[in-house]
Amino acid sequence: MMNLKKRRMVRLEDRFIEAYEGEYTTKIERLASPQPVEKPDQEHDYRVRFMDIDINRHVNNVHYIDWMLDTLEPDFLLHHELTEMNILYKKEVSYGSTVTSRMQRDGLKTYHEILNDGEPSCLAECQWKEV
């Protein structure tokens with residue numbers, strides 16, 4: 001759940017947990033944060049269009065993924081299938097911004113980051129398999 005005024009995640013109310021006969025726990029498995037791109041193999045700039053934003057007036061999450069995967073060569077995308085993605089959204093991007101999508105490839109693993117004013121807005125690690 002999200003507190004829309006504070007724009008932060010909040011604890012689920014008991015009524016939602018009880019409705020699905022869920023069990024409350026404070027132990028949540030956390031994935032390791034994706035590694036930043038150190039030596040980019042590809043880099044592209046994108047201007048945030050009005051159609052890229054959501055109802056909160058920030059870039060919709062699907063566009064981050066589009067920008068990341070767009071740095072991969074068409075031949076790679078045609079012959080590989082994405083099997084895992086660990087993604088971390090760090091900072092929202094707004095209409096009118098120009099972002100840089102950077103990618104580093106290491107075999108069947110790719111590392112991605114979206115930079116806004118030189119600061120990371122999103123990081124991801126992707127695992128691929130040949131098809």
# chains A, B, ... in the order shown; residues from 1 in each chain; ligands from 1
>>> select_by_dssp(residues="stretch 14-105 of chain A", states="alpha helix (DSSP H)", output="JSON, numbers by chain")
{"A": [14, 15, 16, 17, 18, 19, 61, 62, 63, 64, 65, 66, 67, 68, 69, 74, 75, 76, 77, 78, 79]}
>>> atom_distance(atom1="atom CA of A:Val59", atom2="atom CA of A:His79")
29.2 Å
>>> residues_around(residues="stretch 120-122 of chain A", least_positions_apart="6", cutoff="9 Å", atoms="only C-alpha atoms", output="JSON, numbers by chain")
{"A": [36, 64, 87, 88, 89, 90, 91, 92, 93, 99, 112, 113, 114]}
>>> write_last_selection(atoms="all heavy atoms", output="compact mmCIF listing (two decimals), in the first residue's frame")
# COMPACT_ATOMS: atom_id res chain seq x y z
N PRO A 36 25.77 -0.89 -10.49
CA PRO A 36 25.76 0.18 -11.48
C PRO A 36 26.63 -0.17 -12.69
O PRO A 36 27.48 -1.05 -12.61
CB PRO A 36 26.34 1.38 -10.72
CG PRO A 36 27.14 0.78 -9.62
CD PRO A 36 26.50 -0.53 -9.28
N TYR A 64 11.04 2.89 -18.34
CA TYR A 64 12.41 2.63 -17.89
C TYR A 64 12.91 1.33 -18.54
O TYR A 64 14.04 1.25 -19.01
CB TYR A 64 12.48 2.48 -16.38
CG TYR A 64 12.22 3.72 -15.58
CD1 TYR A 64 10.94 4.05 -15.13
CD2 TYR A 64 13.27 4.57 -15.23
CE1 TYR A 64 10.71 5.17 -14.38
CE2 TYR A 64 13.05 5.70 -14.47
CZ TYR A 64 11.76 6.00 -14.05
OH TYR A 64 11.54 7.13 -13.30
N ILE A 87 15.33 -5.15 -10.63
CA ILE A 87 15.24 -3.73 -10.95
C ILE A 87 15.02 -2.91 -9.69
O ILE A 87 14.29 -3.34 -8.79
CB ILE A 87 14.15 -3.48 -12.01
CG1 ILE A 87 14.21 -2.07 -12.56
CG2 ILE A 87 12.78 -3.82 -11.47
CD1 ILE A 87 13.45 -1.91 -13.86
N LEU A 88 15.67 -1.77 -9.62
CA LEU A 88 15.56 -0.87 -8.47
C LEU A 88 15.24 0.52 -8.98
O LEU A 88 16.05 1.13 -9.69
CB LEU A 88 16.88 -0.86 -7.69
CG LEU A 88 17.00 0.14 -6.53
CD1 LEU A 88 15.99 -0.19 -5.43
CD2 LEU A 88 18.42 0.13 -5.98
N TYR A 89 14.05 1.00 -8.65
CA TYR A 89 13.66 2.37 -8.98
C TYR A 89 14.11 3.27 -7.84
O TYR A 89 13.69 3.09 -6.71
CB TYR A 89 12.15 2.47 -9.18
CG TYR A 89 11.65 1.63 -10.33
CD1 TYR A 89 11.11 0.37 -10.11
CD2 TYR A 89 11.73 2.10 -11.62
CE1 TYR A 89 10.64 -0.40 -11.17
CE2 TYR A 89 11.28 1.33 -12.70
CZ TYR A 89 10.74 0.08 -12.46
OH TYR A 89 10.30 -0.68 -13.50
N LYS A 90 14.97 4.23 -8.15
CA LYS A 90 15.55 5.07 -7.11
C LYS A 90 14.93 6.47 -7.02
O LYS A 90 14.73 6.98 -5.94
CB LYS A 90 17.06 5.21 -7.33
CG LYS A 90 17.82 3.90 -7.19
CD LYS A 90 19.29 4.07 -7.40
CE LYS A 90 19.91 4.88 -6.32
NZ LYS A 90 20.72 4.21 -5.37
N LYS A 91 14.68 7.07 -8.17
CA LYS A 91 14.20 8.45 -8.17
C LYS A 91 13.29 8.66 -9.37
O LYS A 91 13.60 8.21 -10.47
CB LYS A 91 15.39 9.41 -8.23
CG LYS A 91 15.03 10.85 -8.02
CD LYS A 91 16.28 11.71 -7.97
CE LYS A 91 15.87 13.16 -7.78
NZ LYS A 91 17.01 14.05 -7.88
N GLU A 92 12.18 9.34 -9.16
CA GLU A 92 11.22 9.57 -10.23
C GLU A 92 11.78 10.54 -11.27
O GLU A 92 12.58 11.42 -10.96
CB GLU A 92 9.93 10.13 -9.65
CG GLU A 92 9.24 9.15 -8.72
CD GLU A 92 8.10 9.76 -7.94
OE1 GLU A 92 8.19 10.95 -7.57
OE2 GLU A 92 7.13 9.03 -7.69
N VAL A 93 11.34 10.35 -12.51
CA VAL A 93 11.72 11.22 -13.62
C VAL A 93 10.45 11.91 -14.10
O VAL A 93 9.40 11.28 -14.22
CB VAL A 93 12.37 10.41 -14.76
CG1 VAL A 93 12.66 11.30 -15.95
CG2 VAL A 93 13.65 9.74 -14.27
N VAL A 99 16.93 11.83 -20.19
CA VAL A 99 17.61 10.78 -19.44
C VAL A 99 18.61 10.07 -20.34
O VAL A 99 18.48 10.10 -21.57
CB VAL A 99 16.63 9.76 -18.83
CG1 VAL A 99 15.69 10.43 -17.85
CG2 VAL A 99 15.85 9.02 -19.90
N HIS A 112 22.16 -2.35 -16.40
CA HIS A 112 21.53 -1.17 -16.98
C HIS A 112 21.37 -0.09 -15.92
O HIS A 112 21.18 -0.39 -14.74
CB HIS A 112 20.13 -1.53 -17.52
CG HIS A 112 20.15 -2.63 -18.51
ND1 HIS A 112 20.19 -2.40 -19.86
CD2 HIS A 112 20.13 -3.97 -18.35
CE1 HIS A 112 20.19 -3.57 -20.50
NE2 HIS A 112 20.16 -4.53 -19.61
N GLU A 113 21.39 1.17 -16.38
CA GLU A 113 21.04 2.27 -15.50
C GLU A 113 20.44 3.40 -16.32
O GLU A 113 20.79 3.59 -17.49
CB GLU A 113 22.24 2.76 -14.68
CG GLU A 113 23.37 3.35 -15.46
CD GLU A 113 24.57 3.70 -14.59
OE1 GLU A 113 24.57 3.45 -13.38
OE2 GLU A 113 25.54 4.23 -15.16
N ILE A 114 19.51 4.09 -15.70
CA ILE A 114 18.91 5.29 -16.27
C ILE A 114 19.40 6.45 -15.42
O ILE A 114 19.19 6.47 -14.21
CB ILE A 114 17.37 5.22 -16.24
CG1 ILE A 114 16.84 4.01 -16.98
CG2 ILE A 114 16.77 6.53 -16.78
CD1 ILE A 114 17.11 3.97 -18.46
>>> residues_around(residues="A:Pro34", least_positions_apart="6", cutoff="8 Å", atoms="only C-alpha atoms", output="PyMOL selection string")
chain A and resi 86-88+111+123-125
>>> write_last_selection(atoms="N, CA, C and O atoms", output="tab-separated table (two decimals), in the first residue's frame")
chain	number	residue	atom	x	y	z
A	86	ASN	N	16.31	-7.97	-12.06
A	86	ASN	CA	16.32	-7.36	-10.74
A	86	ASN	C	16.39	-5.86	-10.98
A	86	ASN	O	17.37	-5.37	-11.53
A	87	ILE	N	15.33	-5.15	-10.63
A	87	ILE	CA	15.24	-3.73	-10.95
A	87	ILE	C	15.02	-2.91	-9.69
A	87	ILE	O	14.29	-3.34	-8.79
A	88	LEU	N	15.67	-1.77	-9.62
A	88	LEU	CA	15.56	-0.87	-8.47
A	88	LEU	C	15.24	0.52	-8.98
A	88	LEU	O	16.05	1.13	-9.69
A	111	TYR	N	23.82	-5.23	-17.47
A	111	TYR	CA	23.65	-4.25	-16.39
A	111	TYR	C	23.15	-2.96	-17.02
A	111	TYR	O	23.66	-2.53	-18.06
A	123	LEU	N	18.19	1.28	-11.72
A	123	LEU	CA	19.25	0.32	-11.99
A	123	LEU	C	18.61	-1.04	-12.22
A	123	LEU	O	17.58	-1.36	-11.63
A	124	ALA	N	19.24	-1.85	-13.06
A	124	ALA	CA	18.73	-3.21	-13.30
A	124	ALA	C	19.85	-4.14	-13.71
A	124	ALA	O	20.83	-3.72	-14.32
A	125	GLU	N	19.69	-5.41	-13.32
A	125	GLU	CA	20.54	-6.50	-13.79
A	125	GLU	C	19.61	-7.49	-14.49
A	125	GLU	O	18.57	-7.85	-13.94
>>> closest_residue(among="A:Arg11, A:Thr26, A:Trp128, A:Lys5", to="A:Met85", atoms="only C-alpha atoms")
A:Trp128
>>> closest_residue(among="A:Leu72, A:Leu78, A:Val131, A:Leu115", to="A:Thr98", atoms="only C-alpha atoms")
A:Leu115
>>> residues_around(residues="stretch 37-49 of chain A", least_positions_apart="6", cutoff="6 Å", atoms="only C-alpha atoms", output="list in words")
Thr71, Tyr95, Gly96, Ser97, Thr98, Val99, Thr100, Ser101, Arg102, Met103, Gln104 and Tyr111 of chain A
